[in-house]
Number of protein chains: 2
Amino acid sequence: MKASNFYISTLKEAPAEAELISHQLMIRAGLIRRLGSGLYNWMPIGLRVLRKIESIIRDEMNKAGAIELLMPAIQPSDLWEETGRWDVFGPQMLKINDRHDRSFCFGPTHEEVITDIVRNEINSYRQLPINFYQIQMKFRDEIRPRFGVMRAREFLMKDSYSFHSNHESLKETYEKMHQTYSRIFDRIGLKFRAVQADNGAIGGDGSHEFHVLADSGEDEIVYDENSDYAANIEVAKNHPDKDKFKTCRGIEVGHIFQLGTKYSEAMKAEFLDELGQSKPIIMGCYGIGVSRIVAAAIEQQHDEKGIIFPESIAPFEVILTPIGYDKSVDVKKMTNDLYQLLIKNGFDVLLDDRGLRPGVMFSESELLGIPHRITISEKTLTEGKLEYKHRKDNEAEFILFNSIINKLQGC
Amino acid sequence: MKASNFYISTLKEAPAEAELISHQLMIRAGLIRRLGSGLYNWMPIGLRVLRKIESIIRDEMNKAGAIELLMPAIQPSDLWEETGRWDVFGPQMLKINDRHDRSFCFGPTHEEVITDIVRNEINSYRQLPINFYQIQMKFRDEIRPRFGVMRAREFLMKDSYSFHSNHESLKETYEKMHQTYSRIFDRIGLKFRAVQADNGAIGGDGSHEFHVLADSGEDEIVYDENSDYAANIEVAKNHPDKDKFKTCRGIEVGHIFQLGTKYSEAMKAEFLDELGQSKPIIMGCYGIGVSRIVAAAIEQQHDEKGIIFPESIAPFEVILTPIGYDKSVDVKKMTNDLYQLLIKNGFDVLLDDRGLRPGVMFSESELLGIPHRITISEKTLTEGKLEYKHRKDNEAEFILFNSIINKLQGC
């Protein structure tokens with residue numbers, strides 16, 4: 001992508017109401033723009049990050065055998081009346097009346113809708129297990145939305161729901177989702193921890209939260225250095241001897257949950273077992289806050305210059321910052337050749353052809369958190385070299401034109 | 001994709017309320033399931049069709065230099081007050097109050113939001129022209145939603161908005177969008193016509209609708225057999241001699257529009273021109289009904305057996321229907337080999353490994369509208385052949401295993 005054909009809009013200052021560093025940096029780097037309280041426009045460069053996260057999640061969910069569908073955002077109240085959640089969900093639910101004065105909500109979650117689909121579609125144990133997912137905008141009417149997309153009202157979520165004829169099958173899918181979530185956060189390039197969460201009646205191993213580790217995280221996590229054990233503070237309080245453990249802070253970006261028959265019993269989602277007996281379908285649910293991951297990744301990795309994106313979700317993997325692109329024929333030719341070479345080798349490249357001053361180009365690429373920066377100038381050309389700098393490096397280095405692909409692949 | 005890892009759910013009968021053939025077939029083929037009045041779940045097989053259309057549109061919009069972003073579905077009323085549309089849009093707008101009793105709507109369109117973004121972002125002629133688009137769910141509270149996704153309340157739309165410093169630039173982008181839309185509908189594989197539409201004050205060439213031609217279309221189109229001229233009936237009434245022209249019926253799936261300064265004047269979206277003078281930005285807008293295209297394509301092409309999808313948007317390009325997949329080792333091996341070969345050659349293949357009776361498999365693949373069907377059986381194998389049938393063919397033909405790739409590529 002050439003910058004002149006794209007839209008980049010950075011700011012020197014973040015607005016005063018932005019308290020969190022990720023919120024400040026997302027505004028300054030032009031990833032998002034505020035539309036209203038808890039409502040954000042995803043600007044072109046931010047949308048690229050969001051789509052890359054979405055595509056990693058989709059890929060891993062598909063590999064795990066989950067099947068994508070898409071449910072409406074607007075849901076009729078009747079289904080929520082069946083589970084009793086219409087009255088108990090609370091003011092986070094955005095309730096709506098249509099022109100005929102019928103009640104709806106902008107879905108904060110989709111257990112009722114998917115259970116409605118499944119009770120109409122599934123009737124035999126032979127159709128089970130099955131795991132449906134969607135990636136879709138949800139709405140929760142937070143009382144004081146703040147922290148940017150970390151706690152926005154309209155947000156992008158991956159939610160999946162699995163259906164089973166017995167508890168062993170639920171546990172198997174639950175384990176598979178646990179592993180899938182770990183792979184997703186690994187691929188995105190985040191330091192994270194899966195922690196035991198409180199899920200009321202079902203018991204200690206029936207629910208896990210996935211936390212991106214960051215000092216600014218709002219949740220306290222208790223963990224054992226000598227084992228895999230980690231739990232959120234509420235669970236830890238009731239169980240282990242807290243003194244034995246260390247604590248750290250995390251941002252919840254995923255939650256997996258063995259639901260059991262709560263929804264299927266309320267909504268009569270039943271199947272016929274091997275003996276022809278009707279039983280409630282056993283359910284699990286699995287959520288990931290897709291848009292929240294963008295903010296969490298920035299909380300985890302940034303410095304005083306800006307965002308440090310992991311390569312897998314950076315808006316671009318490589319930025320070319322030619323000096324004198326429109327003044328020197330040689331610089332322009334070399335830059336264009338390099339641009340084509342990188343694209344041919346599968347890199348996602350931004351060519352900054354806007355004729356900005358070098359200092360402005362450099363600070364912008366650092367603010368945006370693009371992993372690899374390659375500078376081409378008359379000076380580097382006379383030496384047959386390019387100037388290379390990784391976003392995490394303190395100093396640039398000069399490397400031969402021929403070694404650039406190896407350099408990028410080796411990082 | 002193996003059918004046993006996917007979810008296919010077809011019905012013998014469509015529900016009584018489904019009047020349109022596309023609505024009946026989309027329900028029978030399991031592309032959609034009704035959640036409520038004008039609200040549809042996109043089931044896995046339907047979502048594949050929707051995503052393929054989306055991806056063709058995205059590709060062509062990007063090629064035309066448009067830049068993707070994503071605006072919230074929920075919009076504050078303030079912006080609509082500025083243009084005066086909060087009161088005049090009418091009951092199709094789904095109005096919402098949040099927990100603080102502030103007014104919002106579920107966006108039926110996004111002129112106000114994009115104009116708000118642009119007035120904050122753009123201030124110089126040097127930043128123009130620019131063309132932003134999004135692909136996103138919208139809501140229009142139809143009084144009597146019917147005809148399935150043809151006139152659903154929640155629907156997927158591609159909407160773009162271009163911004164210009166002068167009218168020549170607007171006309172240039174408008175022309176480019178006209179061509180881009182034509183390419184999109186060509187690539188999807190639809191017979192369509194661009195027709196002059198009424199756009200009130202701006203004049204006859206300031207607005208075109210794109211119609212998919214189908215006898216069941218709700219719009220009447222007037223056209224000249226000897227020229228490119230076509231117009232919708234309202235425009236034609238006021239202009240040409242109707243007797244000279246032929247008429248046909250169409251389904252509106254796209255609309256391009258030279259907006260001028262209606263929104264920028266109301267919302268003070270201004271730029272500084274070359275002389276440093278402040279002027280309202282000149283706008284165009286361009287919409288495509290993404291989910292509606294699925295229904296329109298089916299209205300245009302179907303027969304008594306079911307849907308006939310164009311290859312580019314079929315849920316799968318090829319279906320393998322082995323007879324005796326789990327009974328004959330040879331059939332299973334040949335089928336699996338063929339499946340791998342087709343995937344390696346870039347085909348989107350469904351392998352029906354569910355052990356259904358041949359007649360059931362065949363009618364299902366015809367109902368789903370999958371273009372290429374390949375049957376493998378003990379009988380075909382002894383002759384070293386495969387049974388091939390295109391969805392539009394009346395009879396199957398036997399072809400050599402080695403010719404199958406050529407056959408599929410040649411169709």
# chains A, B, ... in the order shown; residues from 1 in each chain; ligands from 1

$ interface_residues --of "chain B" --to "chain A" --cutoff "9 Å" --atoms "only C-alpha atoms" --output "PyMOL selection string"
chain B and resi 5-7+9+33-37+39-48+65-76+91-100+113+116-117+121+130+132+137+139+141-143+154-155

$ select_by_dssp --residues "region 27-128 of chain B" --states "strand (DSSP E or B)" --output "NGL selection string"
:B and (32-36 or 39-42 or 67-68 or 70 or 74-76 or 94-97 or 103-106 or 124)

$ residues_around --residues "region 328-343 of chain B" --least-positions-apart "5" --cutoff "12 Å" --atoms "only C-alpha atoms" --output "VMD selection string"
chain B and resid 1 to 2 316 to 323 348 to 353 355 372 374 to 382 384 to 386 401 to 409

$ write_last_selection --atoms "C-alpha atoms" --output "short mmCIF file (atom, residue, chain, number, x, y, z; two decimals), in the first residue's frame"
data_model
loop_
_atom_site.label_atom_id
_atom_site.label_comp_id
_atom_site.auth_asym_id
_atom_site.auth_seq_id
_atom_site.Cartn_x
_atom_site.Cartn_y
_atom_site.Cartn_z
CA MET B 1 -14.80 -29.16 3.55
CA LYS B 2 -16.22 -32.52 4.54
CA PHE B 316 -18.96 -24.46 -2.74
CA GLU B 317 -17.78 -24.67 -6.35
CA VAL B 318 -17.66 -28.44 -6.49
CA ILE B 319 -19.49 -31.17 -4.61
CA LEU B 320 -18.20 -34.75 -4.49
CA THR B 321 -21.04 -37.24 -4.13
CA PRO B 322 -19.42 -40.66 -3.70
CA ILE B 323 -21.70 -43.69 -3.76
CA ASP B 348 -13.67 -24.81 -2.99
CA VAL B 349 -14.93 -28.37 -2.55
CA LEU B 350 -17.59 -30.02 -0.43
CA LEU B 351 -17.15 -33.76 0.09
CA ASP B 352 -20.47 -35.35 1.00
CA ASP B 353 -19.23 -38.09 3.33
CA GLY B 355 -23.49 -41.76 3.76
CA HIS B 372 -20.16 -28.81 -10.35
CA ILE B 374 -18.77 -35.22 -9.37
CA THR B 375 -19.98 -38.71 -8.53
CA ILE B 376 -17.57 -41.54 -7.77
CA SER B 377 -18.87 -45.11 -7.61
CA GLU B 378 -17.64 -48.70 -8.03
CA LYS B 379 -19.24 -48.61 -11.48
CA THR B 380 -17.44 -45.43 -12.66
CA LEU B 381 -14.17 -46.66 -11.19
CA THR B 382 -14.13 -49.92 -13.15
CA GLY B 384 -11.55 -45.36 -14.93
CA LYS B 385 -14.07 -42.57 -15.07
CA LEU B 386 -16.03 -40.08 -13.00
CA PHE B 401 -10.24 -39.07 -14.07
CA ASN B 402 -7.35 -37.22 -15.71
CA SER B 403 -9.60 -34.73 -17.50
CA ILE B 404 -11.51 -33.54 -14.46
CA ILE B 405 -9.39 -30.46 -13.72
CA ASN B 406 -9.62 -29.32 -17.34
CA LYS B 407 -13.34 -29.94 -17.29
CA LEU B 408 -13.83 -27.79 -14.17
CA GLN B 409 -11.56 -25.02 -15.42
#

$ residues_around --residues "Ile256 (chain A)" --least-positions-apart "5" --cutoff "12 Å" --atoms "only C-alpha atoms" --output "ChimeraX atom specification"
/A:158-162,170-171,173-182,194-199,205-211,283-289

$ write_last_selection --atoms "N, CA, C and O atoms" --output "compact mmCIF listing (two decimals), in the first residue's frame"
# COMPACT_ATOMS: atom_id res chain seq x y z
N LYS A 158 -15.93 -12.42 19.30
CA LYS A 158 -16.09 -13.77 18.75
C LYS A 158 -16.79 -14.56 19.84
O LYS A 158 -16.28 -14.66 20.96
N ASP A 159 -17.98 -15.05 19.56
CA ASP A 159 -18.65 -15.88 20.56
C ASP A 159 -19.01 -17.22 19.94
O ASP A 159 -19.50 -17.29 18.82
N SER A 160 -18.73 -18.29 20.69
CA SER A 160 -19.10 -19.61 20.18
C SER A 160 -19.85 -20.38 21.26
O SER A 160 -19.73 -20.09 22.45
N TYR A 161 -20.60 -21.34 20.79
CA TYR A 161 -21.50 -22.10 21.65
C TYR A 161 -21.45 -23.55 21.19
O TYR A 161 -21.69 -23.83 20.02
N SER A 162 -21.10 -24.45 22.12
CA SER A 162 -21.03 -25.86 21.75
C SER A 162 -22.17 -26.63 22.40
O SER A 162 -22.67 -26.26 23.45
N LEU A 170 -18.67 -32.46 26.30
CA LEU A 170 -18.51 -31.03 26.63
C LEU A 170 -17.07 -30.77 27.09
O LEU A 170 -16.42 -29.82 26.64
N LYS A 171 -16.56 -31.65 27.98
CA LYS A 171 -15.21 -31.44 28.50
C LYS A 171 -14.16 -31.52 27.40
O LYS A 171 -13.17 -30.79 27.41
N THR A 173 -14.58 -30.76 24.16
CA THR A 173 -14.62 -29.51 23.38
C THR A 173 -14.07 -28.35 24.20
O THR A 173 -13.35 -27.49 23.68
N TYR A 174 -14.38 -28.34 25.48
CA TYR A 174 -13.87 -27.29 26.37
C TYR A 174 -12.34 -27.29 26.37
O TYR A 174 -11.69 -26.24 26.24
N GLU A 175 -11.76 -28.49 26.46
CA GLU A 175 -10.30 -28.62 26.42
C GLU A 175 -9.75 -28.14 25.08
O GLU A 175 -8.73 -27.46 25.01
N LYS A 176 -10.45 -28.52 24.01
CA LYS A 176 -10.03 -28.11 22.67
C LYS A 176 -10.08 -26.59 22.53
O LYS A 176 -9.20 -25.96 21.95
N MET A 177 -11.10 -25.96 23.08
CA MET A 177 -11.22 -24.50 23.03
C MET A 177 -10.12 -23.86 23.88
O MET A 177 -9.56 -22.83 23.51
N HIS A 178 -9.82 -24.49 25.03
CA HIS A 178 -8.72 -24.01 25.88
C HIS A 178 -7.43 -23.96 25.07
O HIS A 178 -6.70 -22.96 25.05
N GLN A 179 -7.15 -25.06 24.35
CA GLN A 179 -5.93 -25.12 23.54
C GLN A 179 -6.00 -24.13 22.37
O GLN A 179 -5.01 -23.49 22.03
N THR A 180 -7.18 -24.04 21.76
CA THR A 180 -7.36 -23.13 20.62
C THR A 180 -7.13 -21.68 21.04
O THR A 180 -6.46 -20.92 20.34
N TYR A 181 -7.68 -21.32 22.20
CA TYR A 181 -7.48 -19.96 22.69
C TYR A 181 -6.00 -19.70 22.94
O TYR A 181 -5.48 -18.62 22.63
N SER A 182 -5.31 -20.68 23.50
CA SER A 182 -3.87 -20.52 23.75
C SER A 182 -3.14 -20.31 22.43
O SER A 182 -2.25 -19.46 22.32
N ALA A 194 -3.97 -18.32 31.20
CA ALA A 194 -5.32 -18.85 31.40
C ALA A 194 -5.51 -19.04 32.90
O ALA A 194 -4.70 -19.70 33.54
N VAL A 195 -6.54 -18.44 33.45
CA VAL A 195 -6.73 -18.52 34.90
C VAL A 195 -8.11 -19.10 35.23
O VAL A 195 -9.09 -18.87 34.53
N GLN A 196 -8.12 -19.87 36.32
CA GLN A 196 -9.39 -20.41 36.81
C GLN A 196 -10.29 -19.26 37.22
O GLN A 196 -9.87 -18.35 37.92
N ALA A 197 -11.55 -19.36 36.78
CA ALA A 197 -12.49 -18.30 37.11
C ALA A 197 -13.64 -18.89 37.93
O ALA A 197 -13.86 -20.10 37.94
N ASP A 198 -14.32 -18.01 38.58
CA ASP A 198 -15.46 -18.43 39.38
C ASP A 198 -16.63 -18.63 38.45
O ASP A 198 -17.00 -17.74 37.70
N ASN A 199 -17.23 -19.81 38.47
CA ASN A 199 -18.46 -19.92 37.68
C ASN A 199 -19.58 -20.53 38.51
O ASN A 199 -20.34 -21.37 38.05
N ASP A 205 -13.14 -26.12 37.73
CA ASP A 205 -12.50 -26.28 36.43
C ASP A 205 -13.49 -26.09 35.30
O ASP A 205 -13.22 -26.42 34.16
N GLY A 206 -14.63 -25.49 35.59
CA GLY A 206 -15.67 -25.32 34.58
C GLY A 206 -15.59 -24.01 33.85
O GLY A 206 -16.39 -23.74 32.95
N SER A 207 -14.61 -23.16 34.20
CA SER A 207 -14.53 -21.84 33.58
C SER A 207 -13.11 -21.30 33.69
O SER A 207 -12.49 -21.36 34.75
N HIS A 208 -12.60 -20.81 32.61
CA HIS A 208 -11.29 -20.16 32.61
C HIS A 208 -11.39 -18.81 31.90
O HIS A 208 -12.08 -18.68 30.90
N GLU A 209 -10.65 -17.86 32.45
CA GLU A 209 -10.48 -16.58 31.76
C GLU A 209 -9.09 -16.54 31.14
O GLU A 209 -8.15 -17.10 31.69
N PHE A 210 -8.97 -15.87 30.00
CA PHE A 210 -7.67 -15.65 29.39
C PHE A 210 -7.31 -14.18 29.56
O PHE A 210 -8.06 -13.31 29.12
N HIS A 211 -6.18 -13.96 30.21
CA HIS A 211 -5.75 -12.59 30.50
C HIS A 211 -4.47 -12.26 29.75
O HIS A 211 -3.51 -13.02 29.78
N MET A 283 -24.41 -27.64 27.17
CA MET A 283 -23.79 -26.54 26.41
C MET A 283 -22.50 -26.00 27.02
O MET A 283 -22.28 -26.05 28.23
N GLY A 284 -21.66 -25.47 26.15
CA GLY A 284 -20.50 -24.68 26.56
C GLY A 284 -20.52 -23.37 25.80
O GLY A 284 -21.13 -23.29 24.74
N CYS A 285 -19.87 -22.33 26.34
CA CYS A 285 -19.75 -21.10 25.55
C CYS A 285 -18.36 -20.51 25.72
O CYS A 285 -17.68 -20.72 26.75
N TYR A 286 -17.92 -19.80 24.69
CA TYR A 286 -16.52 -19.41 24.57
C TYR A 286 -16.45 -18.05 23.90
O TYR A 286 -16.86 -17.92 22.74
N GLY A 287 -15.95 -17.05 24.60
CA GLY A 287 -15.93 -15.70 24.04
C GLY A 287 -14.53 -15.11 23.94
O GLY A 287 -13.65 -15.42 24.75
N ILE A 288 -14.33 -14.29 22.94
CA ILE A 288 -13.09 -13.50 22.84
C ILE A 288 -13.48 -12.06 22.50
O ILE A 288 -14.28 -11.83 21.59
N GLY A 289 -12.92 -11.12 23.24
CA GLY A 289 -13.15 -9.70 22.95
C GLY A 289 -12.19 -9.24 21.87
O GLY A 289 -11.05 -8.86 22.16

$ atom_distance --atom1 "CA of Ser365 (chain B)" --atom2 "CA of Asn345 (chain B)"
21.4 Å

$ select_by_dssp --residues "region 257-304 of chain B" --states "alpha helix (DSSP H)" --output "list of chain:residue names"
B:Lys262, B:Tyr263, B:Ser264, B:Glu265, B:Ala266, B:Met267, B:Val290, B:Ser291, B:Arg292, B:Ile293, B:Val294, B:Ala295, B:Ala296, B:Ala297, B:Ile298, B:Glu299, B:Gln300

$ write_last_selection --atoms "N, CA and C atoms" --output "PDB file, in the first residue's frame"
ATOM      1  N   LYS B 262     -25.226  18.906   0.244  1.00  0.00           N
ATOM      2  CA  LYS B 262     -26.357  18.832   1.179  1.00  0.00           C
ATOM      3  C   LYS B 262     -25.895  18.580   2.625  1.00  0.00           C
ATOM      4  N   TYR B 263     -25.058  17.548   2.818  1.00  0.00           N
ATOM      5  CA  TYR B 263     -24.630  17.201   4.180  1.00  0.00           C
ATOM      6  C   TYR B 263     -23.504  18.095   4.676  1.00  0.00           C
ATOM      7  N   SER B 264     -22.573  18.421   3.771  1.00  0.00           N
ATOM      8  CA  SER B 264     -21.431  19.219   4.218  1.00  0.00           C
ATOM      9  C   SER B 264     -21.863  20.630   4.618  1.00  0.00           C
ATOM     10  N   GLU B 265     -22.857  21.183   3.922  1.00  0.00           N
ATOM     11  CA  GLU B 265     -23.342  22.512   4.324  1.00  0.00           C
ATOM     12  C   GLU B 265     -24.052  22.455   5.663  1.00  0.00           C
ATOM     13  N   ALA B 266     -24.918  21.462   5.818  1.00  0.00           N
ATOM     14  CA  ALA B 266     -25.671  21.344   7.072  1.00  0.00           C
ATOM     15  C   ALA B 266     -24.737  21.104   8.256  1.00  0.00           C
ATOM     16  N   MET B 267     -23.652  20.352   8.022  1.00  0.00           N
ATOM     17  CA  MET B 267     -22.780  19.970   9.137  1.00  0.00           C
ATOM     18  C   MET B 267     -21.460  20.748   9.131  1.00  0.00           C
ATOM     19  N   VAL B 290     -25.619  -5.892   0.158  1.00  0.00           N
ATOM     20  CA  VAL B 290     -24.849  -7.139   0.055  1.00  0.00           C
ATOM     21  C   VAL B 290     -25.732  -8.361   0.285  1.00  0.00           C
ATOM     22  N   SER B 291     -26.496  -8.348   1.378  1.00  0.00           N
ATOM     23  CA  SER B 291     -27.322  -9.528   1.669  1.00  0.00           C
ATOM     24  C   SER B 291     -28.452  -9.672   0.640  1.00  0.00           C
ATOM     25  N   ARG B 292     -28.938  -8.546   0.138  1.00  0.00           N
ATOM     26  CA  ARG B 292     -29.999  -8.579  -0.865  1.00  0.00           C
ATOM     27  C   ARG B 292     -29.538  -9.253  -2.158  1.00  0.00           C
ATOM     28  N   ILE B 293     -28.240  -9.139  -2.464  1.00  0.00           N
ATOM     29  CA  ILE B 293     -27.721  -9.764  -3.687  1.00  0.00           C
ATOM     30  C   ILE B 293     -27.929 -11.276  -3.669  1.00  0.00           C
ATOM     31  N   VAL B 294     -27.819 -11.878  -2.474  1.00  0.00           N
ATOM     32  CA  VAL B 294     -28.019 -13.332  -2.392  1.00  0.00           C
ATOM     33  C   VAL B 294     -29.413 -13.678  -2.919  1.00  0.00           C
ATOM     34  N   ALA B 295     -30.418 -12.948  -2.428  1.00  0.00           N
ATOM     35  CA  ALA B 295     -31.795 -13.202  -2.860  1.00  0.00           C
ATOM     36  C   ALA B 295     -31.977 -12.869  -4.347  1.00  0.00           C
ATOM     37  N   ALA B 296     -31.400 -11.749  -4.773  1.00  0.00           N
ATOM     38  CA  ALA B 296     -31.572 -11.323  -6.173  1.00  0.00           C
ATOM     39  C   ALA B 296     -30.952 -12.336  -7.130  1.00  0.00           C
ATOM     40  N   ALA B 297     -29.777 -12.866  -6.766  1.00  0.00           N
ATOM     41  CA  ALA B 297     -29.120 -13.870  -7.608  1.00  0.00           C
ATOM     42  C   ALA B 297     -30.006 -15.105  -7.751  1.00  0.00           C
ATOM     43  N   ILE B 298     -30.670 -15.471  -6.668  1.00  0.00           N
ATOM     44  CA  ILE B 298     -31.544 -16.655  -6.703  1.00  0.00           C
ATOM     45  C   ILE B 298     -32.807 -16.376  -7.515  1.00  0.00           C
ATOM     46  N   GLU B 299     -33.363 -15.170  -7.382  1.00  0.00           N
ATOM     47  CA  GLU B 299     -34.523 -14.815  -8.215  1.00  0.00           C
ATOM     48  C   GLU B 299     -34.158 -14.918  -9.689  1.00  0.00           C
ATOM     49  N   GLN B 300     -32.931 -14.500 -10.018  1.00  0.00           N
ATOM     50  CA  GLN B 300     -32.531 -14.507 -11.422  1.00  0.00           C
ATOM     51  C   GLN B 300     -32.264 -15.915 -11.942  1.00  0.00           C
TER      52      GLN B 300
END

$ atom_distance --atom1 "CA of Ile56 (chain A)" --atom2 "CA of Arg187 (chain A)"
7.4 Å

$ closest_residue --among "B:Arg126, B:Lys327, B:Lys305, B:Arg28" --to "Asn394 (chain B)" --atoms "only C-alpha atoms"
B:Lys305

$ closest_residue --among "A:Lys237, A:Lys12, A:His110, A:His164" --to "Ile282 (chain A)" --atoms "only C-alpha atoms"
A:His164
